[in-house]
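Participant: Got a structure for you, questions after.
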Amino acid sequence: MPATFVIFGASGDLTSRKLIPALYKLHRKGRLKDGLRVVGFSRSPYSHEKWRDELAETTKQFAGDDFDATAWGEFAMNVFYHAGDVGHPDDFDSLAKFLNEIEEGAESPRVYYLSMAPQFYEAAAQQLGRSGLAKENGAPRRMVIEKPFGTDLASAQRLNEVIHKVFREHQVYRIDHYLGKETVQNLLVLRFANTIFEPVWNRNYIDHVQITVAEEVEIGKRAGYYDKAGVVRDMVQNHMLQLLMVTAMEPPVRYEADSIRNEKVKVLHAVRRFTPEQVHTDTFRGQYRGYTNSDEVPNTSRTATFAAMKLWVDNWRWQGVPFYLRSGKAMSCRTTQIVIQFREPPQKLFGSGALNLCESNRLVIQIQPAEGIQLHFQTKVPDAGMKLRQTDLSIDYQQEFHRAMPEAYERLLLDAVEGDASLFARADEVEAAWKVCDPVIAEWQAHDKPSLYMYDPAGWGPEECEEWMAKQDRSWFDTCPVLHSK
Ligand SMILES: NC(=O)c1ccc[n+]([C@@H]2O[C@H](COP(=O)([O-])OP(=O)(O)OC[C@H]3O[C@@H](n4cnc5c(N)ncnc54)[C@H](OP(=O)(O)O)[C@@H]3O)[C@@H](O)[C@H]2O)c1
């Protein structure tokens with residue numbers, strides 16, 4: 001029986017740029033085995049035809065070469081629009097009626113996707129409950145919620161409470177599109193489907209871990225939102241802590257939603273809470289020069305566009321291994337990468353000196369836009385005595401598999417339709433992530449420590465951050481990935 005996918009925020013940017021292209025591609029690839037109806041809900045007064053026409057244009061633009069008029073025609077036959085306002089209870093009653101009509105009385109599984117500003121999440125959940133749309137009468141009812149999920153622990157808890165009055169936790173899918181990326185899922189495969197990595201994936205062999213999410217772009221159109229949020233809410237609390245969890249978690253008992261999420265959340269529980277003093281010494285914040293020139297940003301804004309922090313995961317595997325998280329806007333290039341920096345060999349057998357500065361092994365997991373893995377290790381330079389050089393074994397996903405990588409949303413939307421919550425955040429996970437970030441945000445707001453360092457766009461953030469690492473006898477892996485054309 002075809003599922004029904006209801007999008008709240010149908011006329012918005014995310015719907016046209018990501019959701020509809022992803023659903024269309026799933027249709028074209030034949031992944032929606034039972035078919036799918038899509039119903040858009042927002043205030044704009046579209047007819048079914050007008051919305052379909054508009055989506056045809058945007059999907060052509062965003063699906064690129066994957067757009068095929070015949071396949072789109074088949075998909076669009078099952079695309080509908082129902083105008084409504086989340087603040088108007090009657091509009092939910094009429095939506096319920098409309099859904100029953102197009103589903104012809106059958107109890108189809110339904111996904112309600114909240115693709116609208118966070119201030120509407122509570123009202124939407126309450127109205128879905130009041131109108132009976134959330135009730136599972138033998139057919140699944142799931143709700144997908146976009147980020148941001150709260151702005152701190154208290155607001156996330158409140159939102160969870162409101163949602164749990166209507167939906168049970170198994171019905172709630174909190175999306176973090178990083179988890180939909182093939183390269184993030186491959187990290188689980190790398191760790192748990194191979195025997196050679198897991199034995200060295202611990203404090204005995206790893207010196208430290210670096211997780212970098214660098215964006216080349218400045219704040220652009222999102223200035224109003226960004227100035228209130230800042231880099232910790234925008235990147236660290238969600239995407240970066242997700243990457244930390246997947247890097248540091250123990251093997252799950254089974255590959256299924258709760259086993260995976262149990263192990264992930266344990267990592268966050270083990271992250272040492274920042275004291276105010278540690279926020280001063282172990283976090284770093286910056287703002288790129290020119291940030292306050294944006295119309296929507298006050299001249300006096302002290303919002304951080306760059307953050308670096310050292311986290312400790314206090315458990316047997318990771319005791320004493322720092323996890324460095326770093327994210328910034330207006331950086332040298334766009335890259336998301338995880339660097340596993342191994343310890344130095346115990347003995348420097350091949351001499352020392354400039355030629356033989358033996359760099360230790362490094363595993364670089366590139367998440368985006370380059371997608372691949374490199375293992376860096378020492379090699380003897382031929383015909384040069386015992387001179388060594390760092391070389392690497394490398395896998396580039398696209399070259400290896402000769403195909404374009406799917407968008408993260410394709411995988412996640414399919415999982416939501418099929419009821420697999422493995423790659424979605426659970427309530428306790430989101431709250432635990434806020435518990436890690438709240439002390440940093442609070443301390444940054446309350447004090448001038450650590451200082452807010454200015455940095456020039458197109459670099460790697462404030463120089464002082466490089467010095468901070470150097471004082472710890474470490475250095476950032478500041479390398480832009482080599483991209484191959486698609
Ligand atoms: N855009 C992205 O790339 C992106 C990425 C990650 C996360 N997100 C998250 O996704 C969500 C949507 O983002 P967006 O960029 O698509 O926002 P957007 O372009 O501003 O769209 C908001 C949507 O909400 C609808 N809406 C506003 N008030 C409404 C009301 N009272 N009743 C019913 N519909 C209402 C708007 O349509 P009408 O005006 O027609 O009602 C519009 O369709 C946000 O939570 C955002 O943080 C977006």
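As shown in the structure tokens, the chain order sets the letters A, B, ...; within each chain, residues go from 1, and ligands are also counted from 1 in the order they appear.
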Considering only C-alpha atoms, give me a table of residues in region 71-119 of chain A that are at most 10 Å from region 19-35 of chain A, with the closest atom pair and distance in Å for each, as a Markdown table.

Facilitator:
```
| residue | atom | partner | partner_atom | distance |
| --- | --- | --- | --- | --- |
| A:Ala71 | CA | A:Arg28 | CA | 6.0 |
| A:Trp72 | CA | A:Tyr24 | CA | 7.0 |
| A:Glu74 | CA | A:His27 | CA | 8.8 |
| A:Phe75 | CA | A:Tyr24 | CA | 6.5 |
| A:Ala76 | CA | A:Tyr24 | CA | 8.5 |
| A:Asn78 | CA | A:Gly35 | CA | 8.9 |
| A:Val79 | CA | A:Ile20 | CA | 9.8 |
| A:Tyr113 | CA | A:Leu19 | CA | 9.5 |
| A:Ser115 | CA | A:Leu19 | CA | 9.1 |
```

Participant: Store the residues picked out above in a file with N, CA and C atoms, as a short mmCIF file (atom, residue, chain, number, x, y, z; two decimals), in the first residue's frame.

Facilitator:
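Output (result-v9.cif):
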```cif
data_model
loop_
_atom_site.label_atom_id
_atom_site.label_comp_id
_atom_site.auth_asym_id
_atom_site.auth_seq_id
_atom_site.Cartn_x
_atom_site.Cartn_y
_atom_site.Cartn_z
N ALA A 71 9.51 10.09 -16.14
CA ALA A 71 9.53 9.66 -14.73
C ALA A 71 8.90 10.74 -13.85
N TRP A 72 9.19 12.00 -14.17
CA TRP A 72 8.58 13.08 -13.38
C TRP A 72 7.06 13.04 -13.52
N GLU A 74 5.09 10.52 -14.03
CA GLU A 74 4.53 9.43 -13.19
C GLU A 74 4.52 9.85 -11.73
N PHE A 75 5.64 10.44 -11.31
CA PHE A 75 5.77 10.84 -9.90
C PHE A 75 4.74 11.93 -9.57
N ALA A 76 4.64 12.92 -10.46
CA ALA A 76 3.81 14.10 -10.18
C ALA A 76 2.32 13.77 -10.14
N ASN A 78 0.98 11.72 -8.42
CA ASN A 78 0.63 11.46 -7.02
C ASN A 78 1.09 12.57 -6.08
N VAL A 79 1.25 13.77 -6.66
CA VAL A 79 1.62 14.93 -5.84
C VAL A 79 0.40 15.85 -5.72
N TYR A 113 6.18 15.52 7.59
CA TYR A 113 7.52 16.12 7.58
C TYR A 113 7.41 17.60 7.93
N SER A 115 8.84 20.76 7.67
CA SER A 115 9.88 21.51 6.98
C SER A 115 9.55 23.00 7.09
#
```

Participant: What are the DSSP helix (DSSP H, G or I) residues of region 298-440 of chain A, as JSON, numbers by chain?

Facilitator: {"A": [354, 355, 356, 397, 398, 399, 400, 401, 408, 409, 410, 411, 412, 413, 414, 415, 416, 417, 418, 427, 428, 429, 430, 431, 432, 433, 434, 435, 436, 437, 438, 439, 440]}

Participant: With only C-alpha atoms and all ligand atoms counted, collect every polymer residue having an atom within 9 Å of ligand 1; state the result as an MDAnalysis selection string.

Facilitator: chainID A and resid 7:18 40:46 83:88 114:121 124 145:149 175:177 225

Participant: Would you list the contacts of Ile395 (chain A) as number ranges by chain, taking every protein, DNA or RNA residue within 9 Å and counting only C-alpha atoms, but skipping same-chain residues closer than 3 positions in sequence?

Facilitator: A: 371-374, 398-400

Participant: Rounded to one decimal, what separation in Å do you get between CA of Ala421 (chain A) and CA of Leu36 (chain A)?

Facilitator: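 Separation of CA of Ala421 (chain A) and CA of Leu36 (chain A): 18.8 Å.
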
Participant: Taking the backbone alone, and naming residues the way the document does, which bits of region 107-354 of chain A are strand (DSSP E) by DSSP, as a PyMOL selection string?

Facilitator: chain A and resi 110-114+141-145+172-174+206-214+283-288+306-312+322-328+335-342

Participant: Would you mind telling me which residue in A:Glu169, A:Glu216, A:Glu418, A:Glu49 lies nearest to His82 (chain A) when using only C-alpha atoms?

Facilitator: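 Among the listed residues, A:Glu49 lies closest to His82 (chain A).
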
Participant: May I have a table of the residues of region 411-449 of chain A lying at most 9 Å from region 262-281 of chain A, giving each one's closest pair of atoms and their distance in Å to one decimal, counting only C-alpha atoms, ordered by chain and ascending residue number, as JSON lines?

Facilitator:
```
{"residue": "A:Arg426", "atom": "CA", "partner": "A:Val265", "partner_atom": "CA", "distance": 8.8}
{"residue": "A:Asp428", "atom": "CA", "partner": "A:Val265", "partner_atom": "CA", "distance": 7.3}
{"residue": "A:Glu429", "atom": "CA", "partner": "A:Val265", "partner_atom": "CA", "distance": 5.3}
{"residue": "A:Val430", "atom": "CA", "partner": "A:Val265", "partner_atom": "CA", "distance": 8.8}
{"residue": "A:Ala432", "atom": "CA", "partner": "A:Leu268", "partner_atom": "CA", "distance": 6.0}
{"residue": "A:Ala433", "atom": "CA", "partner": "A:Leu268", "partner_atom": "CA", "distance": 6.6}
{"residue": "A:Lys435", "atom": "CA", "partner": "A:Arg273", "partner_atom": "CA", "distance": 7.8}
{"residue": "A:Val436", "atom": "CA", "partner": "A:Arg273", "partner_atom": "CA", "distance": 6.2}
{"residue": "A:Cys437", "atom": "CA", "partner": "A:Phe274", "partner_atom": "CA", "distance": 8.6}
{"residue": "A:Pro439", "atom": "CA", "partner": "A:Phe274", "partner_atom": "CA", "distance": 6.3}
{"residue": "A:Val440", "atom": "CA", "partner": "A:Val279", "partner_atom": "CA", "distance": 6.0}
{"residue": "A:Glu443", "atom": "CA", "partner": "A:Pro276", "partner_atom": "CA", "distance": 6.3}
{"residue": "A:Trp444", "atom": "CA", "partner": "A:Val279", "partner_atom": "CA", "distance": 8.0}
{"residue": "A:Lys449", "atom": "CA", "partner": "A:His280", "partner_atom": "CA", "distance": 5.5}
```

Participant: Contacts between region 408-415 of chain A and region 138-201 of chain A, please, where a residue of region 138-201 of chain A counts if it comes within 10 Å (with only C-alpha atoms); show its shortest atom pair and distance in Å to one decimal, rows by chain and ascending number, as a tab-separated table.

Facilitator:
```
residue	atom	partner	partner_atom	distance
A:Val144	CA	A:Leu413	CA	9.0
A:Tyr173	CA	A:Leu412	CA	9.6
A:Ile175	CA	A:Leu412	CA	7.8
A:Asp176	CA	A:Leu412	CA	9.0
A:His177	CA	A:Ala408	CA	5.9
A:Tyr178	CA	A:Ala408	CA	7.0
A:Leu179	CA	A:Ala408	CA	7.5
A:Gly180	CA	A:Ala408	CA	4.2
A:Lys181	CA	A:Ala408	CA	4.7
A:Glu182	CA	A:Ala408	CA	7.3
A:Thr183	CA	A:Ala408	CA	9.8
A:Val184	CA	A:Ala408	CA	10.0
```

Participant: Go ahead and save the picked residues with N, CA, C and O atoms, as a JSON list (two decimals), in the first residue's frame.

Facilitator:
```json
[["chain", "number", "residue", "atom", "x", "y", "z"],
["A", 144, "VAL", "N", 8.66, 13.59, 11.00],
["A", 144, "VAL", "CA", 10.07, 13.93, 10.82],
["A", 144, "VAL", "C", 10.24, 15.41, 11.17],
["A", 144, "VAL", "O", 9.47, 16.25, 10.72],
["A", 173, "TYR", "N", 11.09, 11.11, 14.20],
["A", 173, "TYR", "CA", 12.34, 11.00, 13.44],
["A", 173, "TYR", "C", 12.98, 12.39, 13.38],
["A", 173, "TYR", "O", 12.55, 13.25, 12.61],
["A", 175, "ILE", "N", 15.78, 14.64, 12.21],
["A", 175, "ILE", "CA", 16.71, 14.45, 11.09],
["A", 175, "ILE", "C", 17.99, 15.24, 11.31],
["A", 175, "ILE", "O", 17.98, 16.38, 11.78],
["A", 176, "ASP", "N", 19.12, 14.61, 11.01],
["A", 176, "ASP", "CA", 20.39, 15.32, 10.89],
["A", 176, "ASP", "C", 20.99, 14.78, 9.61],
["A", 176, "ASP", "O", 21.43, 13.63, 9.55],
["A", 177, "HIS", "N", 20.97, 15.61, 8.57],
["A", 177, "HIS", "CA", 21.26, 15.04, 7.25],
["A", 177, "HIS", "C", 22.69, 14.48, 7.15],
["A", 177, "HIS", "O", 22.98, 13.70, 6.26],
["A", 178, "TYR", "N", 23.55, 14.83, 8.12],
["A", 178, "TYR", "CA", 24.90, 14.25, 8.07],
["A", 178, "TYR", "C", 24.86, 12.73, 8.16],
["A", 178, "TYR", "O", 25.68, 12.04, 7.57],
["A", 179, "LEU", "N", 23.90, 12.23, 8.93],
["A", 179, "LEU", "CA", 23.83, 10.78, 9.10],
["A", 179, "LEU", "C", 23.36, 10.08, 7.83],
["A", 179, "LEU", "O", 23.52, 8.87, 7.68],
["A", 180, "GLY", "N", 22.77, 10.84, 6.92],
["A", 180, "GLY", "CA", 22.34, 10.25, 5.65],
["A", 180, "GLY", "C", 23.47, 10.16, 4.64],
["A", 180, "GLY", "O", 23.30, 9.58, 3.56],
["A", 181, "LYS", "N", 24.60, 10.72, 4.97],
["A", 181, "LYS", "CA", 25.70, 10.70, 4.00],
["A", 181, "LYS", "C", 26.35, 9.32, 3.97],
["A", 181, "LYS", "O", 26.61, 8.71, 5.01],
["A", 182, "GLU", "N", 26.62, 8.88, 2.75],
["A", 182, "GLU", "CA", 27.20, 7.54, 2.57],
["A", 182, "GLU", "C", 28.50, 7.41, 3.36],
["A", 182, "GLU", "O", 28.81, 6.37, 3.92],
["A", 183, "THR", "N", 29.28, 8.50, 3.36],
["A", 183, "THR", "CA", 30.60, 8.42, 4.00],
["A", 183, "THR", "C", 30.49, 8.29, 5.52],
["A", 183, "THR", "O", 31.36, 7.70, 6.14],
["A", 184, "VAL", "N", 29.43, 8.83, 6.09],
["A", 184, "VAL", "CA", 29.24, 8.67, 7.54],
["A", 184, "VAL", "C", 28.84, 7.22, 7.83],
["A", 184, "VAL", "O", 29.36, 6.58, 8.74]]
```

Participant: Which distance in Å separates CA of Gly328 (chain A) and CA of Asp456 (chain A), to one decimal?

Facilitator: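 It comes out at 11.5 Å.
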
Participant: Rounded to one decimal place, report the CA of Ala106 (chain A)-CA of Gly73 (chain A) distance in Å.

Facilitator: 24.3 Å
